>>> print(open('model26.txt').read())   # compact mmCIF, C-alpha atoms
# COMPACT_ATOMS: atom_id res chain seq x y z
CA MET A 1 20.28 15.26 21.65
CA THR A 2 19.06 11.81 20.67
CA ARG A 3 15.31 11.34 20.76
CA LYS A 4 13.19 8.27 20.11
CA LEU A 5 10.45 8.16 17.46
CA TYR A 6 7.67 5.58 17.29
CA ILE A 7 5.39 5.51 14.23
CA LYS A 8 2.31 3.30 14.06
CA THR A 9 1.22 2.80 10.46
CA TYR A 10 -2.36 1.95 9.56
CA GLY A 11 -3.66 0.80 6.19
CA CYS A 12 -2.15 1.02 2.76
CA GLN A 13 1.35 0.60 1.36
CA MET A 14 1.45 4.31 0.58
CA ASN A 15 1.27 4.91 4.32
CA VAL A 16 4.17 2.49 4.87
CA TYR A 17 6.21 4.57 2.43
CA ASP A 18 5.09 7.83 4.04
CA SER A 19 6.03 6.60 7.51
CA ALA A 20 9.56 5.81 6.35
CA ARG A 21 9.90 9.26 4.84
CA MET A 22 8.58 10.95 8.00
CA ALA A 23 11.30 9.16 9.96
CA GLU A 24 13.87 10.50 7.49
CA VAL A 25 12.50 14.04 7.78
CA LEU A 26 12.82 13.91 11.58
CA ALA A 27 16.28 12.29 11.65
CA PRO A 28 18.17 15.62 11.38
CA LEU A 29 16.37 16.72 14.56
CA GLY A 30 17.94 13.81 16.41
CA TYR A 31 15.05 11.33 16.22
CA THR A 32 15.90 7.64 15.83
CA SER A 33 13.25 4.98 15.37
CA THR A 34 12.10 2.64 18.11
CA ASP A 35 9.56 -0.18 18.13
CA ARG A 36 8.62 0.56 21.76
CA PRO A 37 6.07 3.35 22.27
CA ASP A 38 6.84 3.49 26.01
CA GLU A 39 10.40 4.72 25.33
CA ALA A 40 9.42 7.21 22.61
CA ASP A 41 9.76 11.00 22.83
CA MET A 42 7.43 11.35 19.83
CA ILE A 43 4.63 9.07 18.69
CA LEU A 44 3.02 9.51 15.28
CA LEU A 45 -0.10 7.62 14.24
CA ASN A 46 -0.13 7.49 10.43
CA THR A 47 -3.79 6.84 9.73
CA CYS A 48 -5.85 5.38 6.91
CA HIS A 49 -9.47 6.36 6.18
CA ILE A 50 -10.29 3.36 3.98
CA ARG A 51 -10.91 0.76 6.66
CA GLU A 52 -14.19 0.53 8.55
CA LYS A 53 -14.48 2.65 11.70
CA ALA A 54 -11.08 4.22 11.07
CA ALA A 55 -11.78 7.29 13.23
CA GLU A 56 -13.13 5.21 16.13
CA LYS A 57 -10.01 3.02 16.12
CA LEU A 58 -7.84 6.13 16.09
CA PHE A 59 -9.55 7.64 19.14
CA SER A 60 -9.31 4.32 20.94
CA ASP A 61 -5.54 4.31 20.37
CA LEU A 62 -5.29 7.96 21.38
CA GLY A 63 -7.06 7.22 24.65
CA ARG A 64 -4.40 4.65 25.54
CA LEU A 65 -1.58 6.97 24.51
CA ARG A 66 -3.03 9.75 26.65
CA GLN A 67 -2.31 7.60 29.70
CA LEU A 68 1.28 7.12 28.53
CA LYS A 69 1.67 10.86 28.00
CA MET A 70 0.37 11.55 31.51
CA LEU A 71 2.75 8.99 33.03
CA LYS A 72 5.69 10.58 31.25
CA ALA A 73 4.59 14.04 32.37
CA ASP A 74 4.48 12.84 35.99
CA ALA A 75 8.07 11.63 35.54
CA GLY A 76 9.14 15.01 34.14
CA GLU A 77 9.36 13.75 30.56
CA ALA A 78 7.67 15.16 27.46
CA LEU A 79 5.88 13.09 24.85
CA VAL A 80 4.91 14.66 21.54
CA LEU A 81 1.80 12.97 20.21
CA GLY A 82 0.86 13.40 16.56
CA VAL A 83 -1.76 12.16 14.11
CA ALA A 84 -0.85 12.01 10.41
CA GLY A 85 -2.39 10.59 7.26
CA CYS A 86 -5.86 10.50 5.78
CA VAL A 87 -7.96 10.55 8.96
CA ALA A 88 -5.95 13.59 10.05
CA GLN A 89 -6.66 15.24 6.71
CA ALA A 90 -10.38 14.52 6.83
CA GLU A 91 -11.04 15.14 10.53
CA GLY A 92 -8.19 17.32 11.79
CA ALA A 93 -10.28 19.84 13.72
CA GLU A 94 -12.41 17.07 15.22
CA ILE A 95 -9.27 15.27 16.44
CA LEU A 96 -8.05 18.34 18.31
CA ALA A 97 -11.53 18.95 19.72
CA ARG A 98 -11.96 15.39 21.01
CA ALA A 99 -8.33 14.82 21.96
CA PRO A 100 -6.85 18.20 23.00
CA TYR A 101 -3.74 16.44 24.33
CA VAL A 102 -2.66 15.76 20.72
CA ASP A 103 0.20 18.04 19.73
CA LEU A 104 0.38 17.59 15.96
CA VAL A 105 -2.23 16.92 13.27
CA LEU A 106 -0.90 16.79 9.72
CA GLY A 107 -2.22 15.61 6.39
CA PRO A 108 -0.39 13.33 3.94
CA GLN A 109 0.70 16.27 1.78
CA THR A 110 2.46 18.17 4.57
CA TYR A 111 4.80 15.80 6.38
CA HIS A 112 7.83 17.41 4.71
CA ARG A 113 7.04 20.38 7.01
CA LEU A 114 7.39 18.30 10.18
CA PRO A 115 10.59 20.10 11.32
CA ASP A 116 8.75 23.44 11.23
CA MET A 117 5.86 21.94 13.18
CA VAL A 118 8.23 20.60 15.85
CA ALA A 119 9.89 24.03 16.07
CA ARG A 120 6.49 25.65 16.66
CA LEU A 121 5.83 23.20 19.48
CA GLN A 122 9.18 23.98 21.08
CA LEU A 123 8.30 27.68 20.97
CA GLY A 124 5.04 26.95 22.78
CA ARG A 125 2.87 27.63 19.73
CA GLY A 126 1.06 24.29 19.70
CA PRO A 127 -1.00 22.37 19.07
CA VAL A 128 -0.25 22.39 15.33
CA LEU A 129 -2.85 21.62 12.66
CA ASP A 130 -1.56 21.44 9.08
CA THR A 131 -3.90 19.85 6.55
CA GLU A 132 -3.32 22.11 3.58
CA PHE A 133 -2.46 21.04 0.05
CA PRO A 134 0.70 23.12 -0.49
CA ALA A 135 1.46 24.41 -3.97
CA VAL A 136 5.00 23.04 -3.79
CA ALA A 137 5.08 19.26 -4.13
CA LYS A 138 6.25 17.60 -0.92
CA PHE A 139 8.66 15.39 -2.88
CA ASP A 140 10.66 18.50 -3.83
CA SER A 141 11.21 19.25 -0.14
CA LEU A 142 12.03 15.77 1.19
CA PRO A 143 15.60 14.74 2.01
CA GLU A 144 17.28 12.09 -0.09
CA THR A 145 16.80 8.54 1.14
CA GLN A 146 19.83 7.60 3.23
CA ALA A 147 18.76 4.60 5.32
CA PRO A 148 18.50 1.09 3.83
CA GLN A 149 14.86 0.19 3.15
CA GLY A 150 15.39 -3.55 2.76
CA VAL A 151 15.68 -6.02 -0.09
CA SER A 152 12.15 -5.02 -1.17
CA ALA A 153 11.18 -1.36 -0.99
CA PHE A 154 8.35 0.96 -1.97
CA LEU A 155 8.87 3.93 -4.26
CA SER A 156 6.08 6.48 -4.60
CA VAL A 157 5.62 7.65 -8.20
CA GLN A 158 2.08 9.03 -8.15
CA GLU A 159 -0.32 10.42 -5.55
CA GLY A 160 -3.91 11.53 -5.45
CA CYS A 161 -6.95 10.50 -7.46
CA ASP A 162 -9.27 12.15 -9.96
CA LYS A 163 -11.73 9.24 -10.24
CA PHE A 164 -14.13 10.15 -7.40
CA CYS A 165 -15.60 6.72 -6.78
CA THR A 166 -18.71 7.38 -4.72
CA PHE A 167 -17.49 5.26 -1.77
CA CYS A 168 -13.96 6.65 -1.51
CA VAL A 169 -12.39 9.54 0.42
CA VAL A 170 -8.99 9.47 -1.31
CA PRO A 171 -9.65 12.44 -3.66
CA TYR A 172 -10.55 14.51 -0.60
CA THR A 173 -7.65 13.38 1.61
CA ARG A 174 -4.84 12.92 -0.93
CA GLY A 175 -5.91 15.52 -3.47
CA ALA A 176 -5.73 15.57 -7.24
CA GLU A 177 -3.51 13.24 -9.23
CA PHE A 178 0.15 14.22 -9.24
CA SER A 179 2.96 12.33 -10.94
CA ARG A 180 6.63 12.71 -10.05
CA PRO A 181 9.14 13.42 -12.83
CA ALA A 182 10.93 10.35 -14.14
CA ALA A 183 14.34 11.84 -13.31
CA ALA A 184 13.44 12.18 -9.62
CA ILE A 185 12.06 8.62 -9.54
CA ARG A 186 15.20 7.25 -11.18
CA ALA A 187 17.41 9.11 -8.70
CA GLU A 188 15.50 7.69 -5.72
CA ALA A 189 15.56 4.22 -7.27
CA ARG A 190 19.33 4.41 -7.69
CA ARG A 191 19.79 5.43 -4.06
CA LEU A 192 17.64 2.53 -2.89
CA ILE A 193 19.50 0.05 -5.10
CA ALA A 194 22.84 1.32 -3.77
CA LEU A 195 21.51 0.69 -0.25
CA GLY A 196 20.67 -2.93 -1.06
CA THR A 197 17.17 -2.88 -2.53
CA ARG A 198 16.64 -5.51 -5.22
CA GLU A 199 12.86 -5.23 -5.72
CA LEU A 200 10.90 -2.02 -6.14
CA THR A 201 7.14 -1.67 -5.84
CA LEU A 202 5.96 1.51 -7.53
CA LEU A 203 3.20 3.14 -5.51
CA GLY A 204 0.26 5.37 -6.30
CA GLN A 205 -3.37 5.79 -5.41
CA ASN A 206 -3.93 5.14 -9.11
CA VAL A 207 -0.41 4.18 -10.05
CA ASN A 208 -1.22 3.35 -13.66
CA ALA A 209 -2.60 6.85 -14.09
CA TYR A 210 1.05 7.96 -13.93
CA HIS A 211 1.68 10.79 -16.41
CA GLY A 212 4.95 12.37 -15.31
CA GLU A 213 7.60 14.32 -17.15
CA GLY A 214 9.94 11.91 -18.90
CA LEU A 215 13.70 12.13 -19.31
CA ASP A 216 13.10 13.59 -22.79
CA GLY A 217 10.71 16.25 -21.52
CA ALA A 218 7.66 14.50 -22.95
CA GLU A 219 4.84 13.04 -20.84
CA TRP A 220 5.45 9.40 -19.95
CA GLY A 221 3.01 6.74 -18.88
CA LEU A 222 3.70 3.98 -16.39
CA GLY A 223 4.82 1.52 -19.07
CA ARG A 224 7.59 3.87 -20.21
CA LEU A 225 8.63 4.50 -16.61
CA ILE A 226 8.85 0.76 -15.94
CA ARG A 227 11.06 0.29 -19.00
CA MET A 228 13.41 3.01 -17.75
CA LEU A 229 13.73 1.49 -14.27
CA ALA A 230 14.22 -2.02 -15.70
CA GLU A 231 17.54 -0.82 -17.13
CA GLU A 232 18.99 -0.02 -13.70
CA PRO A 233 21.89 -2.37 -12.79
CA GLY A 234 21.28 -4.33 -9.62
CA LEU A 235 17.48 -4.15 -9.78
CA LEU A 236 16.04 -7.66 -10.02
CA ARG A 237 12.29 -7.15 -9.77
CA LEU A 238 9.59 -4.54 -10.37
CA ARG A 239 5.96 -4.40 -9.24
CA TYR A 240 3.31 -1.67 -9.06
CA THR A 241 0.15 -1.03 -7.08
CA THR A 242 -2.68 0.01 -6.92
CA SER A 243 -4.17 0.04 -10.43
CA HIS A 244 -7.46 1.17 -11.91
CA PRO A 245 -8.96 -0.69 -14.89
CA ARG A 246 -9.60 2.61 -16.69
CA ASP A 247 -5.86 3.35 -16.82
CA MET A 248 -4.61 -0.01 -18.11
CA ASP A 249 -3.33 1.24 -21.48
CA ASP A 250 -1.73 -0.59 -24.42
CA ASP A 251 1.85 0.29 -23.50
CA LEU A 252 1.48 -0.92 -19.92
CA ILE A 253 -0.07 -4.19 -21.05
CA ALA A 254 2.80 -4.63 -23.52
CA ALA A 255 5.29 -4.02 -20.68
CA HIS A 256 3.99 -7.17 -18.99
CA ARG A 257 5.09 -9.11 -22.05
CA GLU A 258 8.32 -7.27 -22.80
CA VAL A 259 9.90 -6.37 -19.42
CA ALA A 260 11.42 -9.48 -17.89
CA ILE A 261 11.80 -8.09 -14.35
CA LEU A 262 8.16 -6.92 -14.17
CA MET A 263 6.62 -9.61 -11.99
CA PRO A 264 3.60 -11.62 -13.24
CA PHE A 265 1.34 -10.50 -10.41
CA LEU A 266 -1.13 -7.63 -10.65
CA HIS A 267 -3.54 -6.10 -8.16
CA LEU A 268 -6.45 -4.86 -10.31
CA PRO A 269 -9.47 -3.89 -8.17
CA VAL A 270 -12.90 -4.36 -9.72
CA GLN A 271 -15.07 -3.91 -6.57
CA SER A 272 -18.19 -5.58 -8.03
CA GLY A 273 -19.28 -7.95 -10.78
CA SER A 274 -22.49 -6.01 -11.41
CA ASP A 275 -22.64 -3.23 -14.00
CA ARG A 276 -25.43 -1.59 -12.01
CA MET A 277 -23.20 -1.42 -8.93
CA LEU A 278 -20.17 -0.28 -10.93
CA GLU A 279 -22.21 2.61 -12.30
CA ALA A 280 -23.45 3.52 -8.81
CA MET A 281 -19.83 3.43 -7.61
CA ASN A 282 -18.75 5.69 -10.50
CA ARG A 283 -16.09 3.19 -11.48
CA ARG A 284 -16.26 4.25 -15.16
CA HIS A 285 -15.85 0.74 -16.52
CA THR A 286 -18.15 -2.22 -17.08
CA VAL A 287 -17.74 -5.88 -16.26
CA ALA A 288 -17.14 -6.55 -19.95
CA ASP A 289 -14.39 -3.90 -19.98
CA TYR A 290 -12.72 -5.59 -17.02
CA ARG A 291 -12.92 -9.03 -18.61
CA ARG A 292 -11.35 -7.71 -21.84
CA ILE A 293 -8.49 -6.14 -19.90
CA VAL A 294 -7.82 -9.38 -18.05
CA ASP A 295 -7.88 -11.34 -21.31
CA ARG A 296 -5.37 -8.94 -22.89
CA LEU A 297 -3.08 -9.11 -19.85
CA ARG A 298 -3.13 -12.89 -19.82
CA THR A 299 -2.43 -12.94 -23.54
CA ALA A 300 0.57 -10.70 -22.93
CA ARG A 301 1.77 -12.77 -19.94
CA SER A 302 0.27 -16.24 -19.75
CA ASP A 303 1.42 -16.90 -16.16
CA LEU A 304 -0.04 -13.64 -14.81
CA ALA A 305 -1.73 -14.01 -11.42
CA LEU A 306 -4.36 -11.53 -10.32
CA SER A 307 -5.46 -9.95 -7.08
CA SER A 308 -8.46 -7.67 -6.58
CA ASP A 309 -10.71 -5.78 -4.15
CA PHE A 310 -14.42 -6.42 -3.63
CA ILE A 311 -17.05 -4.44 -1.75
CA VAL A 312 -20.22 -6.21 -0.62
CA GLY A 313 -23.38 -4.51 0.53
CA PHE A 314 -22.88 -1.32 -1.43
CA PRO A 315 -26.09 0.80 -1.26
CA GLY A 316 -28.75 -0.76 -3.45
CA GLU A 317 -26.94 -4.09 -3.96
CA THR A 318 -29.45 -6.85 -4.62
CA ASP A 319 -29.08 -10.62 -4.49
CA GLU A 320 -28.71 -10.54 -8.28
CA ASP A 321 -25.90 -7.97 -8.08
CA PHE A 322 -24.10 -10.08 -5.50
CA ALA A 323 -24.56 -13.22 -7.61
CA ALA A 324 -22.94 -11.38 -10.53
CA THR A 325 -19.88 -10.71 -8.36
CA ILE A 326 -19.64 -14.39 -7.46
CA THR A 327 -19.83 -15.30 -11.16
CA LEU A 328 -17.03 -12.87 -12.03
CA ILE A 329 -14.77 -14.25 -9.30
CA ARG A 330 -15.29 -17.82 -10.46
CA ASP A 331 -14.69 -16.88 -14.10
CA ILE A 332 -11.54 -14.80 -13.53
CA GLY A 333 -9.85 -16.86 -10.81
CA TYR A 334 -7.79 -14.86 -8.30
CA ALA A 335 -4.53 -15.85 -6.63
CA GLN A 336 -5.57 -13.64 -3.72
CA ALA A 337 -8.08 -10.88 -3.09
CA TYR A 338 -9.49 -8.60 -0.43
CA SER A 339 -13.15 -8.27 0.48
CA PHE A 340 -14.88 -5.66 2.60
CA LYS A 341 -18.32 -4.76 3.84
CA TYR A 342 -19.38 -1.38 2.58
CA SER A 343 -19.20 1.23 5.32
CA PRO A 344 -20.12 4.89 4.76
CA ARG A 345 -17.33 7.47 4.65
CA PRO A 346 -18.32 11.00 5.69
CA GLY A 347 -18.49 13.38 2.77
CA THR A 348 -18.80 10.70 0.08
CA PRO A 349 -21.91 10.49 -2.15
CA ALA A 350 -22.64 6.86 -1.27
CA ALA A 351 -22.86 7.73 2.41
CA LEU A 352 -25.92 9.87 1.62
CA SER A 353 -27.76 7.08 -0.16
CA GLU A 354 -31.08 6.08 1.39
CA ASP A 355 -30.77 2.58 -0.05
CA GLN A 356 -28.34 1.20 2.54
CA VAL A 357 -28.07 -2.59 2.86
CA ALA A 358 -28.82 -4.15 6.25
CA ASP A 359 -25.69 -5.07 8.18
CA GLU A 360 -26.75 -8.69 8.66
CA VAL A 361 -27.12 -9.03 4.87
CA LYS A 362 -23.68 -7.51 4.36
CA SER A 363 -22.16 -9.88 6.88
CA GLU A 364 -23.76 -12.92 5.26
CA ARG A 365 -22.58 -11.92 1.79
CA LEU A 366 -19.09 -11.12 3.06
CA GLN A 367 -18.78 -14.57 4.57
CA ILE A 368 -19.76 -16.22 1.29
CA LEU A 369 -17.38 -14.02 -0.65
CA HIS A 370 -14.53 -14.53 1.81
CA GLU A 371 -14.84 -18.32 1.65
CA LEU A 372 -14.83 -18.27 -2.16
CA LEU A 373 -11.77 -16.02 -2.31
CA GLN A 374 -9.94 -18.09 0.30
CA GLN A 375 -10.63 -21.23 -1.72
CA GLY A 376 -9.26 -19.52 -4.80
CA GLN A 377 -6.08 -18.61 -2.94
CA ARG A 378 -5.70 -22.17 -1.63
CA ASP A 379 -6.20 -23.58 -5.12
CA PHE A 380 -3.59 -21.24 -6.57
CA ASN A 381 -1.09 -22.11 -3.85
CA LEU A 382 -1.72 -25.82 -4.39
CA SER A 383 -1.01 -25.38 -8.09
CA CYS A 384 2.53 -24.40 -7.09
CA GLN A 385 3.20 -27.73 -5.34
CA ASN A 386 6.29 -29.44 -6.82
CA ARG A 387 6.97 -26.49 -9.11
CA THR A 388 10.29 -24.66 -9.09
CA LEU A 389 9.81 -20.93 -8.54
CA PRO A 390 12.39 -18.13 -8.49
CA VAL A 391 12.34 -16.70 -4.97
CA LEU A 392 13.85 -13.37 -3.89
CA PHE A 393 15.04 -13.93 -0.31
CA GLU A 394 14.37 -10.88 1.86
CA ARG A 395 15.10 -11.68 5.50
CA PRO A 396 15.89 -14.39 8.06
CA GLY A 397 13.09 -16.74 9.03
CA ARG A 398 11.99 -17.78 12.50
CA HIS A 399 14.11 -20.93 12.50
CA PRO A 400 17.93 -21.20 12.41
CA GLY A 401 19.29 -21.31 8.89
CA GLN A 402 15.98 -20.29 7.36
CA LEU A 403 15.34 -17.42 4.96
CA VAL A 404 12.01 -15.96 3.90
CA GLY A 405 11.36 -14.55 0.47
CA ARG A 406 8.65 -14.03 -2.11
CA SER A 407 7.71 -15.84 -5.28
CA PRO A 408 6.91 -13.87 -8.44
CA PHE A 409 3.25 -14.17 -7.38
CA MET A 410 3.76 -12.43 -3.99
CA GLN A 411 3.55 -15.63 -1.95
CA GLY A 412 5.78 -15.86 1.07
CA VAL A 413 8.26 -18.72 0.72
CA HIS A 414 10.31 -20.31 3.53
CA ALA A 415 13.46 -22.33 2.78
CA GLN A 416 16.75 -23.34 4.35
CA ALA A 417 19.52 -21.19 2.91
CA PRO A 418 22.66 -19.46 4.21
CA ALA A 419 22.46 -15.82 5.24
CA ARG A 420 24.60 -14.76 2.26
CA CYS A 421 21.64 -15.60 -0.01
CA GLU A 422 19.61 -12.70 1.36
CA GLY A 423 18.99 -10.35 -1.57
CA ALA A 424 19.44 -13.08 -4.18
CA VAL A 425 16.90 -14.75 -6.46
CA LEU A 426 17.24 -18.53 -6.29
CA PRO A 427 15.26 -21.45 -7.73
CA VAL A 428 13.17 -23.13 -5.04
CA ARG A 429 11.22 -26.35 -5.44
CA ILE A 430 7.94 -25.98 -3.56
CA THR A 431 7.48 -28.87 -1.13
CA GLY A 432 4.80 -27.55 1.21
CA VAL A 433 1.71 -25.41 0.75
CA GLY A 434 -0.12 -23.45 3.44
CA PRO A 435 -3.09 -21.10 3.20
CA ASN A 436 -0.88 -18.00 3.14
CA SER A 437 2.67 -19.17 2.38
CA LEU A 438 4.80 -21.86 0.77
CA ALA A 439 7.77 -23.93 1.90
CA GLY A 440 10.48 -25.22 -0.36
CA GLU A 441 14.03 -26.39 -0.97
CA VAL A 442 16.70 -24.39 -2.75
CA GLU A 443 17.72 -26.37 -5.82
CA MET A 444 21.31 -25.17 -6.13
CA ALA A 445 23.64 -27.56 -4.35
CA GLU A 446 26.45 -25.04 -4.05
CA VAL A 447 24.18 -22.62 -2.18
CA LYS A 448 23.22 -25.26 0.37
CA ALA A 449 26.83 -26.03 1.16
>>> encode(input="model26.txt", output="structure tokens")
Amino acid sequence: MTRKLYIKTYGCQMNVYDSARMAEVLAPLGYTSTDRPDEADMILLNTCHIREKAAEKLFSDLGRLRQLKMLKADAGEALVLGVAGCVAQAEGAEILARAPYVDLVLGPQTYHRLPDMVARLQLGRGPVLDTEFPAVAKFDSLPETQAPQGVSAFLSVQEGCDKFCTFCVVPYTRGAEFSRPAAAIRAEARRLIALGTRELTLLGQNVNAYHGEGLDGAEWGLGRLIRMLAEEPGLLRLRYTTSHPRDMDDDLIAAHREVAILMPFLHLPVQSGSDRMLEAMNRRHTVADYRRIVDRLRTARSDLALSSDFIVGFPGETDEDFAATITLIRDIGYAQAYSFKYSPRPGTPAALSEDQVADEVKSERLQILHELLQQGQRDFNLSCQNRTLPVLFERPGRHPGQLVGRSPFMQGVHAQAPARCEGAVLPVRITGVGPNSLAGEVEMAEVKA
């Protein structure tokens, strides 16, 4: 029997990867994906606990889906409603208590067991709550990737975190650091490439903390893994995210100089420009450490563009601490960045601090920070005007004859090009600059014909 599956994905790129794998796990049970929740037989909400008010947003969505479930029940149809991801891991029992109409609650380490959970529901043994950290790695139990993932695809190489930043729930929801063996990563990469993928983004909560078993049986770091994947025929580009400054080792920095298909764009979160705040956050690096790392990266790859994350209003943050963050941003120069108001996460040390910053102060600082970062992004985009950039075209654009791709620096680029150019890297002269994307003209006359 064919059934319809709708997955709503919140938050990080790891969740995007996980959602795709959940769809693959459920495919043998007859589930095919739909983008319409009203026609779905199963709806999964793959949640993220990083964003502000994540639980409240989840329960708001669940309230709407409850109405859909009731309408289907009145029509004699069943709707399986499930919550997955980090909010499920952190607040599984609370979800079932507040929303007893939910059928499945599963953490990010258990979605390979979805078929068993569905079987329990069919036997009338629901609702199902599974938020354990099983001893067997989920990657060992997942089916091989069979469906095309697109010209650009994610590949998870590392999960979990051992850093325990005082604001973050990831160590509690994703568990300890685990790195996949290089052989398994290479096998998945080869399957993706055979299905048409030309760019891989290696994923991990702390991806540069990768320390998996290499092809030679020794422990490999991320730099060695990147070098292995760069040898795969048909792969045109490599990226990785998200990094931690503490794990930016010599070999990985050298890979930015030596591996041609490793793109010159790096997301390297710093969170604050104040050493006092970094210590309170348990970031385990100083501002000077961060500056040295950036200098070494830019020495290795002079055209490297940087992205970062910043938290404003962390408990105890003073005007002087905030000013230090502004100074760091101006000194480093970011092609893009993300900024957030600090919001307490249950169970984290920072949430217990008595030195919370007033919300109006946080909002004022966030606005200043946001405007500065937006100006930096505009300036970087403007610096690309009239340059020729290699663009990997990923998909059709909104207009006839248009393709959309990405520059080496992660900017979206729109250009007129025939459909056969999808999946190819072509030189594009940038003729228009917007706040979030670029427009250009393909420079190869034979491609335009």
>>> closest_residue(input="model26.txt", among="A:Gly217, A:Gly401, A:Pro28, A:Gly175", to="Lys163 in chain A", atoms="all atoms listed in the file")
A:Gly175
>>> residues_around(input="model26.txt", residues="Asn46 in chain A", least_positions_apart="4", cutoff="8 Å", atoms="all atoms listed in the file", output="list in words")
Ile7, Lys8, Thr9, Tyr10, Asn15, Ser19, Val83, Ala84, Gly85 and Cys86 of chain A
>>> write_last_selection(input="model26.txt", atoms="C-alpha atoms", output="PDB file, in the frame of the given file")
ATOM      1  CA  ILE A   7       5.390   5.510  14.230  1.00  0.00           C
ATOM      2  CA  LYS A   8       2.310   3.300  14.060  1.00  0.00           C
ATOM      3  CA  THR A   9       1.220   2.800  10.460  1.00  0.00           C
ATOM      4  CA  TYR A  10      -2.360   1.950   9.560  1.00  0.00           C
ATOM      5  CA  ASN A  15       1.270   4.910   4.320  1.00  0.00           C
ATOM      6  CA  SER A  19       6.030   6.600   7.510  1.00  0.00           C
ATOM      7  CA  VAL A  83      -1.760  12.160  14.110  1.00  0.00           C
ATOM      8  CA  ALA A  84      -0.850  12.010  10.410  1.00  0.00           C
ATOM      9  CA  GLY A  85      -2.390  10.590   7.260  1.00  0.00           C
ATOM     10  CA  CYS A  86      -5.860  10.500   5.780  1.00  0.00           C
TER      11      CYS A  86
END
>>> residues_around(input="model26.txt", residues="His414 in chain A", least_positions_apart="6", cutoff="9 Å", atoms="only C-alpha atoms", output="list in words")
Phe393, Gly397, Gln402, Leu403, Val404, Gly405, Arg406, Ser437, Leu438, Ala439, Gly440 and Glu441 of chain A
>>> residues_around(input="model26.txt", residues="range 425-435 of chain A", least_positions_apart="5", cutoff="12 Å", atoms="all atoms listed in the file", output="PyMOL selection string")
chain A and resi 151+198-199+234-237+261+335-336+373-394+403-408+411-418+420+440-448
>>> atom_distance(input="model26.txt", atom1="CA of Met263 in chain A", atom2="CA of Ala187 in chain A")
21.9 Å
>>> residues_around(input="model26.txt", residues="Ala184 in chain A", least_positions_apart="3", cutoff="10 Å", atoms="all atoms listed in the file", output="MDAnalysis selection string")
chainID A and resid 139:140 157 180:181 187:190 213:215
>>> atom_distance(input="model26.txt", atom1="CA of Pro400 in chain A", atom2="CA of Thr201 in chain A")
28.8 Å
>>> atom_distance(input="model26.txt", atom1="CA of Leu96 in chain A", atom2="CA of Phe59 in chain A")
10.8 Å
>>> decode(input="model26.txt", residues="range 358-370 of chain A", atoms="N, CA and C atoms", output="short mmCIF file (atom, residue, chain, number, x, y, z; two decimals), in the first residue's frame")
data_model
loop_
_atom_site.label_atom_id
_atom_site.label_comp_id
_atom_site.auth_asym_id
_atom_site.auth_seq_id
_atom_site.Cartn_x
_atom_site.Cartn_y
_atom_site.Cartn_z
N ALA A 358 18.55 42.23 30.50
CA ALA A 358 17.17 42.63 30.20
C ALA A 358 16.88 42.46 28.72
N ASP A 359 15.66 42.04 28.40
CA ASP A 359 15.31 41.75 27.01
C ASP A 359 15.42 42.98 26.12
N GLU A 360 15.07 44.16 26.66
CA GLU A 360 15.15 45.36 25.82
C GLU A 360 16.60 45.69 25.48
N VAL A 361 17.53 45.38 26.39
CA VAL A 361 18.95 45.58 26.11
C VAL A 361 19.41 44.59 25.03
N LYS A 362 18.98 43.34 25.16
CA LYS A 362 19.32 42.34 24.16
C LYS A 362 18.82 42.76 22.78
N SER A 363 17.59 43.23 22.73
CA SER A 363 17.00 43.62 21.45
C SER A 363 17.75 44.78 20.81
N GLU A 364 18.14 45.75 21.64
CA GLU A 364 18.88 46.90 21.12
C GLU A 364 20.25 46.47 20.58
N ARG A 365 20.94 45.62 21.33
CA ARG A 365 22.25 45.16 20.87
C ARG A 365 22.12 44.29 19.62
N LEU A 366 21.09 43.46 19.56
CA LEU A 366 20.91 42.62 18.39
C LEU A 366 20.69 43.45 17.14
N GLN A 367 19.93 44.53 17.27
CA GLN A 367 19.69 45.39 16.11
C GLN A 367 20.98 46.02 15.60
N ILE A 368 21.81 46.48 16.52
CA ILE A 368 23.10 47.06 16.14
C ILE A 368 23.98 46.01 15.45
N LEU A 369 24.01 44.84 16.05
CA LEU A 369 24.84 43.76 15.51
C LEU A 369 24.32 43.33 14.13
N HIS A 370 23.02 43.19 14.02
CA HIS A 370 22.42 42.75 12.76
C HIS A 370 22.74 43.73 11.63
#
